[in-house]
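Here's the structure we're looking at; comments come further down.
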Amino acid sequence: MANVGIVIVSHSPKIAEGAADMVRQMVGDSVKLAYTGGDPGGGLGTGVASIREAIDRAWSEAGVAILVDLGGAETNSEMAVEMLDDERRGRVVVCNAPIVEGAVMAATEASGGSPLETVRRTAEELSPQ
Amino acid sequence: MTPALLHRLILAVADDVIAHADELTELDQAVGDGDHGINMKRGFEAVRADAGATAEKPLPDALKAIGTQLVMKVGGASGPLYGTLFMALGKEIAPDASNLSAAFARAIEAVKSRGKSQPGQKTMLDVLAPVQMALGEGGTDLSVRLPIVAASAADATVPMLATRGRASFLGERSIGHMDPGARSSALIVASVCRALEG
């Protein structure tokens with residue numbers, strides 16, 4: 001079984017790319033990783049279309065964990081997940097975790113072959129309860 | 001609803017949102033990230049560009065098409081929120097709009113669920129919910145009364161404390177500003193009513 005894929009969604013393309021760099025440093029090429037940042041007009045923000053493309057790029061049969069920064073990133077990611085086909089929708093989760101630490105922790109967990117729920121839980125352990 | 005009337009409605013809403021982009025941005029600069037105007041403008045420019053083709057569709061399909069455009073083009077949290085409003089309305093409404101009030105109520109529920117929010121949190125719901133209530137009560141002169149209900153509901157967000165969305169980061173400092181989403185919702189309600197008045 002393939003490892004869970006990771007998607008990073010930030011309002012800022014630079015933060016998304018930088019967080020992805022930190023993930024790569026930790027796990028190399030052992031997990032599929034995609035990142036996206038910026039709104040459809042090129043400003044700071046997030047957009048459903050680019051998030052869907054990122055999910056496709058990071059797609060793994062084991063599922064995909066998405067790490068987001070602020071409000072709109074979460075809302076757009078949830079919308080993007082709902083627009084996936086039935087077969088994929090249940091295998092993508094949006095993690096309630098800080099974006100940088102969550103992405104690194106989730107990817108590290110994923111690189112060990114853990115299932116999606118475990119990957120999500122590991123990332124979410126970083127959130128205040 | 002004739003394609004001509006639907007076309008007029010779509011253009012009225014799109015033109016009003018586009019014309020008020022600067023005002024929406026200024027409201028959002030006070031309590032948010034200052035992108036509401038430009039985001040809504042981008043979304044409704046896309047809706048406007050497709051208005052002719054959209055107006056030829058049955059009402060439910062037209063609303064879904066508008067919702068999809070907003071989801072894909074607006075960005076920010078308002079893209080999925082307004083997109084969900086129009087998509088859910090399209091899903092619920094009868095082709096002759098005879099169940100508008102009930103369909104609008106369902107669409108508002110979908111927005112609540114998408115935004116994990118309730119009225120009273122200084123959001124677009126604080127306009128949509130009272131407008132739906134007034135619509136549900138019915139009566140005469142709805143197209144005159146609903147914009148008034150919407151405008152006073154938007155005004156009523158000024159003293160509210162934001163507990164959802166970017167404005168909630170400001171805590172007490174969110175008090176004293178109108179919510180940008182409430183304003184854009186009131187704007188859209190007024191546009192629709194004015195276009196229906198002809």
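In the structure tokens, the first chain shown is A, the next is B, and so on; residue numbers restart at 1 for each chain, and ligands run from 1 in the order shown.
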Which of chain A counts as alpha helix (DSSP H) under DSSP, as a PyMOL selection string please? chain A and resi 13-27+48-57+71-82+86-89+99-111+116-124
Interface residues on chain B facing chain A, 7 Å, only C-alpha atoms, written as a list in words: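 Close enough to count are Val71, Met72, Lys73, Gly75, Gly76, Ala77, Pro80, Gly165 and Arg166 of chain B.
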Please report, as JSON lines, each residue of range 82-156 of chain B lying at most 12 Å from range 20-34 of chain B, together with the nearest pair of atoms and the separation in Å rounded to one decimal; use only C-alpha atoms, and order rows by chain and ascending residue number.
{"residue": "B:Lys122", "atom": "CA", "partner": "B:Val31", "partner_atom": "CA", "distance": 10.8}
{"residue": "B:Thr123", "atom": "CA", "partner": "B:Val31", "partner_atom": "CA", "distance": 11.5}
{"residue": "B:Ala154", "atom": "CA", "partner": "B:Leu27", "partner_atom": "CA", "distance": 11.8}
Atoms to include: C-alpha atoms. Write the selected residues as a tab-separated table (two decimals), in the first residue's frame.
chain	number	residue	atom	x	y	z
B	122	LYS	CA	-21.26	39.02	12.64
B	123	THR	CA	-21.38	37.33	9.24
B	154	ALA	CA	-26.35	44.78	7.82
Counting only C-alpha atoms, what is within 7 Å of Ser10 in chain A, bar same-chain residues fewer than 2 positions away, as a PDB file with C-alpha atoms, in the first residue's frame?
ATOM      1  CA  ILE A   8      -0.252  22.101   1.915  1.00  0.00           C
ATOM      2  CA  SER A  12       0.790  32.678   0.753  1.00  0.00           C
ATOM      3  CA  PRO A  13       2.554  30.786  -2.089  1.00  0.00           C
ATOM      4  CA  ILE A  15       4.615  29.805   2.956  1.00  0.00           C
ATOM      5  CA  ALA A  16       3.195  26.845   1.033  1.00  0.00           C
ATOM      6  CA  THR A  36      -0.661  25.568  -3.373  1.00  0.00           C
ATOM      7  CA  GLY A  37      -1.030  29.177  -2.313  1.00  0.00           C
ATOM      8  CA  THR A  46      -6.770  30.295  -1.666  1.00  0.00           C
ATOM      9  CA  VAL A  68      -4.215  24.580   5.910  1.00  0.00           C
ATOM     10  CA  ASP A  69      -3.488  27.958   7.460  1.00  0.00           C
ATOM     11  CA  ALA A  73      -7.914  27.853   3.247  1.00  0.00           C
TER      12      ALA A  73
END
Test item: residues at most 10 Å from Ile18 in chain B, only C-alpha atoms, excluding those fewer than 5 positions along its chain, as a list in words: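 Skipping anything fewer than 5 positions along the chain leaves Ala12, Val13, Leu24, Gly37, Ile38, Asn39, Met40, Lys41, Arg42, Gly43, Phe44, Glu45 and Arg48 of chain B.
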